[in-house]
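Here is the file target.cif (mmCIF, C-alpha atoms).
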```cif
data_data
loop_
_atom_site.label_atom_id
_atom_site.label_comp_id
_atom_site.auth_asym_id
_atom_site.auth_seq_id
_atom_site.Cartn_x
_atom_site.Cartn_y
_atom_site.Cartn_z
CA MET A 1 -0.23 26.68 3.82
CA LYS A 2 1.08 23.24 3.06
CA ASN A 3 4.12 22.98 0.79
CA LYS A 4 3.76 20.30 -1.89
CA ILE A 5 6.22 18.85 -4.38
CA LEU A 6 5.49 16.51 -7.28
CA ILE A 7 8.22 14.19 -8.49
CA VAL A 8 7.47 12.60 -11.86
CA ILE A 9 9.63 9.51 -12.22
CA ASP A 10 10.94 8.46 -15.65
CA MET A 11 7.93 9.26 -17.85
CA GLN A 12 10.13 8.66 -20.87
CA ASN A 13 9.19 7.28 -24.25
CA ASP A 14 11.13 4.03 -23.82
CA PHE A 15 9.13 3.21 -20.66
CA ILE A 16 5.78 4.24 -22.11
CA ASP A 17 5.59 2.69 -25.57
CA GLY A 18 9.22 2.17 -26.52
CA ALA A 19 11.76 -0.53 -25.71
CA LEU A 20 10.26 -1.32 -22.27
CA GLY A 21 6.77 0.10 -22.74
CA THR A 22 3.53 -1.47 -21.53
CA LYS A 23 -0.15 -0.81 -22.11
CA GLU A 24 -0.43 0.14 -18.43
CA ALA A 25 2.25 2.80 -18.90
CA VAL A 26 0.42 4.25 -21.89
CA GLU A 27 -2.81 4.33 -19.88
CA ILE A 28 -1.41 6.50 -17.06
CA VAL A 29 -0.11 9.31 -19.32
CA PRO A 30 -3.33 11.40 -19.24
CA TYR A 31 -3.60 11.06 -15.45
CA VAL A 32 0.04 12.09 -14.94
CA LYS A 33 -0.56 15.05 -17.26
CA GLU A 34 -3.52 16.16 -15.11
CA LYS A 35 -1.47 15.83 -11.95
CA ILE A 36 1.37 17.94 -13.40
CA LYS A 37 -1.13 20.63 -14.42
CA GLU A 38 -2.67 20.66 -10.94
CA TYR A 39 0.72 21.21 -9.29
CA LYS A 40 1.79 23.86 -11.80
CA ASP A 41 -1.54 25.70 -11.47
CA ASN A 42 -0.94 25.91 -7.71
CA ASN A 43 2.70 27.02 -8.15
CA TYR A 44 4.10 23.90 -6.50
CA PRO A 45 7.43 22.54 -7.72
CA VAL A 46 7.32 19.79 -10.35
CA ILE A 47 10.47 17.70 -10.71
CA PHE A 48 11.00 15.19 -13.52
CA THR A 49 13.59 12.44 -13.32
CA LYS A 50 15.05 10.85 -16.43
CA ASP A 51 16.59 7.42 -16.46
CA THR A 52 19.83 8.08 -18.31
CA HIS A 53 22.12 5.50 -19.87
CA PHE A 54 24.98 5.58 -22.35
CA ASP A 55 26.08 3.50 -25.33
CA THR A 56 27.93 1.24 -22.87
CA TYR A 57 24.64 0.22 -21.18
CA LEU A 58 24.89 -3.47 -22.08
CA SER A 59 28.24 -3.74 -20.28
CA THR A 60 26.80 -2.43 -16.99
CA LEU A 61 25.36 -4.64 -14.26
CA GLU A 62 21.87 -3.40 -15.10
CA GLY A 63 22.48 -4.06 -18.79
CA LYS A 64 23.63 -7.60 -18.06
CA ASN A 65 20.48 -8.25 -15.98
CA LEU A 66 18.14 -6.38 -18.33
CA PRO A 67 19.73 -6.65 -21.77
CA VAL A 68 17.35 -4.21 -23.45
CA PRO A 69 19.00 -0.91 -24.36
CA HIS A 70 16.73 1.91 -23.22
CA CYS A 71 16.86 5.58 -22.28
CA ILE A 72 20.18 6.04 -24.05
CA ILE A 73 21.06 9.71 -23.68
CA ASN A 74 19.92 11.99 -26.52
CA THR A 75 17.78 9.31 -28.22
CA PRO A 76 14.01 9.66 -28.76
CA GLY A 77 13.39 6.96 -26.12
CA TRP A 78 15.30 8.98 -23.50
CA ARG A 79 13.04 12.00 -23.89
CA ILE A 80 10.15 12.71 -21.58
CA ARG A 81 6.77 12.11 -23.23
CA GLU A 82 5.96 15.12 -25.40
CA GLU A 83 2.64 16.01 -23.76
CA LEU A 84 4.33 15.94 -20.35
CA ASP A 85 7.47 17.70 -21.52
CA PRO A 86 8.94 19.94 -18.86
CA ASP A 87 8.99 23.68 -19.31
CA ASP A 88 10.63 26.60 -17.56
CA LYS A 89 8.37 26.02 -14.53
CA THR A 90 9.73 22.52 -13.92
CA TYR A 91 13.01 20.89 -12.98
CA VAL A 92 14.68 17.89 -14.66
CA ILE A 93 17.13 15.48 -13.05
CA ASP A 94 19.16 13.02 -15.12
CA LYS A 95 19.69 9.98 -12.92
CA TYR A 96 22.04 7.16 -13.73
CA THR A 97 20.57 4.44 -11.57
CA PHE A 98 17.16 3.44 -10.22
CA GLY A 99 17.12 6.00 -7.43
CA PHE A 100 18.53 9.52 -7.26
CA ILE A 101 20.73 9.36 -4.16
CA GLU A 102 21.42 13.10 -4.07
CA PHE A 103 17.84 14.32 -3.60
CA GLU A 104 18.51 16.15 -0.34
CA LYS A 105 21.49 18.13 -1.68
CA TRP A 106 19.73 18.78 -5.00
CA LEU A 107 16.65 20.20 -3.24
CA ILE A 108 18.72 22.35 -0.88
CA ASP A 109 20.79 23.71 -3.80
CA ARG A 110 17.53 24.90 -5.43
CA ASN A 111 16.15 26.33 -2.20
CA ILE A 112 13.31 23.80 -2.15
CA ILE A 113 12.70 23.42 1.55
CA ILE A 114 11.35 20.23 3.07
CA ASP A 115 9.79 20.87 6.47
CA GLY A 116 7.06 19.48 8.68
CA ASP A 117 4.33 20.87 6.41
CA THR A 118 5.76 19.47 3.17
CA GLU A 119 4.13 16.69 1.20
CA ILE A 120 6.16 14.93 -1.47
CA GLU A 121 4.11 13.11 -4.09
CA LEU A 122 5.55 10.68 -6.60
CA CYS A 123 4.10 9.27 -9.79
CA GLY A 124 5.52 7.66 -12.91
CA LEU A 125 7.41 4.58 -14.00
CA CYS A 126 8.16 1.90 -13.04
CA THR A 127 6.41 1.47 -9.70
CA ASP A 128 8.41 -1.63 -8.83
CA ILE A 129 11.86 -0.30 -9.75
CA CYS A 130 12.43 3.45 -9.93
CA VAL A 131 9.35 4.78 -8.13
CA ILE A 132 9.93 2.57 -5.09
CA SER A 133 13.68 3.28 -5.11
CA ASN A 134 13.13 7.03 -5.06
CA ALA A 135 10.30 6.83 -2.51
CA LEU A 136 12.54 4.89 -0.12
CA ILE A 137 15.47 7.27 -0.63
CA LEU A 138 13.19 10.20 0.18
CA ARG A 139 11.80 8.32 3.20
CA ALA A 140 15.37 7.88 4.49
CA TYR A 141 16.19 11.57 4.03
CA TYR A 142 12.88 12.83 5.38
CA PRO A 143 11.55 10.43 8.04
CA ASN A 144 8.89 12.89 9.26
CA THR A 145 7.63 14.07 5.88
CA LYS A 146 4.45 12.79 4.30
CA ILE A 147 5.38 10.93 1.11
CA ILE A 148 2.56 9.94 -1.22
CA VAL A 149 2.51 7.63 -4.23
CA ASP A 150 -0.54 7.87 -6.45
CA SER A 151 -1.20 4.32 -7.60
CA LYS A 152 -3.39 5.52 -10.50
CA ALA A 153 -0.43 7.50 -11.83
CA THR A 154 2.08 4.65 -11.75
CA ALA A 155 2.61 1.48 -13.73
CA GLY A 156 4.92 -1.41 -13.01
CA VAL A 157 6.79 -3.94 -15.05
CA THR A 158 3.75 -6.16 -14.43
CA PRO A 159 0.54 -5.49 -12.51
CA GLU A 160 1.63 -8.06 -9.92
CA THR A 161 5.04 -6.48 -9.26
CA LYS A 162 3.39 -3.04 -9.10
CA GLU A 163 1.09 -4.27 -6.32
CA ALA A 164 4.02 -5.83 -4.46
CA ALA A 165 5.90 -2.52 -4.62
CA LEU A 166 2.87 -0.56 -3.39
CA THR A 167 2.54 -2.97 -0.45
CA THR A 168 6.23 -2.56 0.39
CA MET A 169 5.94 1.24 0.28
CA LYS A 170 2.92 1.12 2.61
CA MET A 171 5.01 -0.91 5.06
CA CYS A 172 7.63 1.87 4.95
CA GLN A 173 5.01 4.47 5.93
CA ILE A 174 4.57 5.88 2.45
CA THR A 175 0.96 6.83 1.78
CA VAL A 176 -0.41 5.02 -1.27
CA ILE A 177 -3.53 6.57 -2.72
#
```
As structure tokens, the full file:
Amino acid sequence: MKNKILIVIDMQNDFIDGALGTKEAVEIVPYVKEKIKEYKDNNYPVIFTKDTHFDTYLSTLEGKNLPVPHCIINTPGWRIREELDPDDKTYVIDKYTFGFIEFEKWLIDRNIIIDGDTEIELCGLCTDICVISNALILRAYYPNTKIIVDSKATAGVTPETKEAALTTMKMCQITVI
């Protein structure tokens, strides 16, 4: 039996309809919810990431390049969308940059094994920043693992930059469906 893992990237209020929200982000929420249910119903791991910043955000390099405070820890915008909210059957990772560079160690520490039969699927926000960053990190750690990005369950900063990111991921042997 194939092992599958779903990684839900940054489905937080600030990226959906908050400080950096878009209509495209709002539109994918029901589809992401269905995908989470499908994985949970089949007892596959579901991992949420949360973009996590602090009150000092505007003094960081990211804050200087994107001077819009967002996902400040413990604020409503930092929280995962209520209807997607993780439960005791899911994992949550607070990440402090676009990509979570400790995925391999994190997975091993939780006895989540990645082998030749594993498929890792990603969905969430933003396709052209955090989804692509995490997909490429996982590709580097697991060069022989099928990595999938569901384009219907992602939204980018703009539709054009989303498509550019999907094209780049395809070139890096990530399956885009």
Residues in the PyMOL selection byres ((chain A and resi 116) around 8), expressed as a PyMOL selection string: chain A and resi 114-115+117-118+144-145
Using C-alpha atoms, can you write the selected residues to a file as a CSV table (one decimal), in the frame of the given file?
```
chain,number,residue,atom,x,y,z
A,114,ILE,CA,11.4,20.2,3.1
A,115,ASP,CA,9.8,20.9,6.5
A,117,ASP,CA,4.3,20.9,6.4
A,118,THR,CA,5.8,19.5,3.2
A,144,ASN,CA,8.9,12.9,9.3
A,145,THR,CA,7.6,14.1,5.9
```
Selection result of the PyMOL selection byres ((chain A and resi 157-163) around 10) on this file, as a list in words: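 Evaluating the PyMOL selection byres ((chain A and resi 157-163) around 10) on these coordinates yields Phe15, Leu20, Gly21, Thr22, Glu24, Ala25, Leu125, Cys126, Thr127, Asp128, Ile129, Val131, Ile132, Ser151, Thr154, Ala155, Gly156, Ala164, Ala165, Leu166, Thr167, Thr168 and Met169 of chain A.
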Interatomic distance (Å, one decimal) between CA of Arg110 in chain A and CA of Ala140 in chain A: 19.8 Å
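Nearest to Lys33 in chain A of all the residues A:Asp109, A:Asp85, A:Glu102, A:Asp150 is A:Asp85, counting all atoms listed in the file.
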Minimum-distance residue to Gly99 in chain A, chosen among A:Ser59, A:Thr75, A:Asn111, A:Thr52 (using all atoms listed in the file):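 Once distances to Gly99 in chain A are computed over all atoms listed in the file, the minimum belongs to A:Thr52.
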Nearest to Leu58 in chain A, chosen from A:Lys40, A:His70, A:Lys4, A:Lys89, with only C-alpha atoms counted in the distances: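 Nearest candidate to Leu58 in chain A out of A:Lys40, A:His70, A:Lys4, A:Lys89: A:His70.
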Neighbour list for range 42-51 of chain A as a count of residues only, cut-off 7 Å, all atoms listed in the file, skip fewer than 3 positions in-chain: 20
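Comparing A:Leu107, A:Ile16, A:Ile113, A:Val26 by their smallest distance to Pro76 in chain A, the closest is A:Ile16 (using only C-alpha atoms).
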Separation of CA of Met11 in chain A from CA of Gly124 in chain A in Å: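 Between these atoms lies a distance of 5.7 Å.
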Separation of CA of Ile148 in chain A from CA of Ala19 in chain A, in Å and rounded to one decimal: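 Separating CA of Ile148 in chain A from CA of Ala19 in chain A is a distance of 28.2 Å.
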Residue with smallest distance to Glu62 in chain A - pool A:Arg79, A:Val176, A:Ile112, A:Phe98, counting only C-alpha atoms: A:Phe98
N, CA and C atoms for range 113-131 of chain A, written as a short mmCIF file (atom, residue, chain, number, x, y, z; two decimals), in the frame of the given file, could you do that?
```cif
data_model
loop_
_atom_site.label_atom_id
_atom_site.label_comp_id
_atom_site.auth_asym_id
_atom_site.auth_seq_id
_atom_site.Cartn_x
_atom_site.Cartn_y
_atom_site.Cartn_z
N ILE A 113 12.61 23.76 0.14
CA ILE A 113 12.70 23.42 1.55
C ILE A 113 11.70 22.32 1.90
N ILE A 114 12.19 21.30 2.57
CA ILE A 114 11.35 20.23 3.07
C ILE A 114 11.23 20.45 4.58
N ASP A 115 10.00 20.68 5.04
CA ASP A 115 9.79 20.87 6.47
C ASP A 115 8.58 20.05 6.91
N GLY A 116 8.14 20.27 8.12
CA GLY A 116 7.06 19.48 8.68
C GLY A 116 5.74 19.61 7.94
N ASP A 117 5.57 20.67 7.16
CA ASP A 117 4.33 20.87 6.41
C ASP A 117 4.43 20.41 4.96
N THR A 118 5.55 19.86 4.57
CA THR A 118 5.76 19.47 3.17
C THR A 118 5.15 18.10 2.90
N GLU A 119 4.54 17.99 1.73
CA GLU A 119 4.13 16.69 1.20
C GLU A 119 4.88 16.48 -0.10
N ILE A 120 5.48 15.30 -0.23
CA ILE A 120 6.16 14.93 -1.47
C ILE A 120 5.32 13.84 -2.13
N GLU A 121 4.89 14.10 -3.36
CA GLU A 121 4.11 13.11 -4.09
C GLU A 121 4.92 12.60 -5.26
N LEU A 122 4.86 11.29 -5.48
CA LEU A 122 5.55 10.68 -6.60
C LEU A 122 4.54 10.00 -7.52
N CYS A 123 4.86 10.01 -8.80
CA CYS A 123 4.10 9.27 -9.79
C CYS A 123 5.08 8.86 -10.88
N GLY A 124 4.66 8.00 -11.79
CA GLY A 124 5.52 7.66 -12.91
C GLY A 124 5.83 6.19 -13.04
N LEU A 125 7.02 5.92 -13.59
CA LEU A 125 7.41 4.58 -14.00
C LEU A 125 8.80 4.21 -13.49
N CYS A 126 9.03 3.03 -13.29
CA CYS A 126 8.16 1.90 -13.04
C CYS A 126 7.96 1.79 -11.53
N THR A 127 6.75 1.53 -11.12
CA THR A 127 6.41 1.47 -9.70
C THR A 127 7.37 0.57 -8.93
N ASP A 128 7.67 -0.58 -9.51
CA ASP A 128 8.41 -1.63 -8.83
C ASP A 128 9.92 -1.53 -8.98
N ILE A 129 10.41 -0.49 -9.63
CA ILE A 129 11.86 -0.30 -9.75
C ILE A 129 12.21 1.13 -9.33
N CYS A 130 11.97 2.08 -10.18
CA CYS A 130 12.43 3.45 -9.93
C CYS A 130 11.53 4.23 -8.99
N VAL A 131 10.21 4.05 -9.06
CA VAL A 131 9.35 4.78 -8.13
C VAL A 131 9.64 4.34 -6.70
#
```
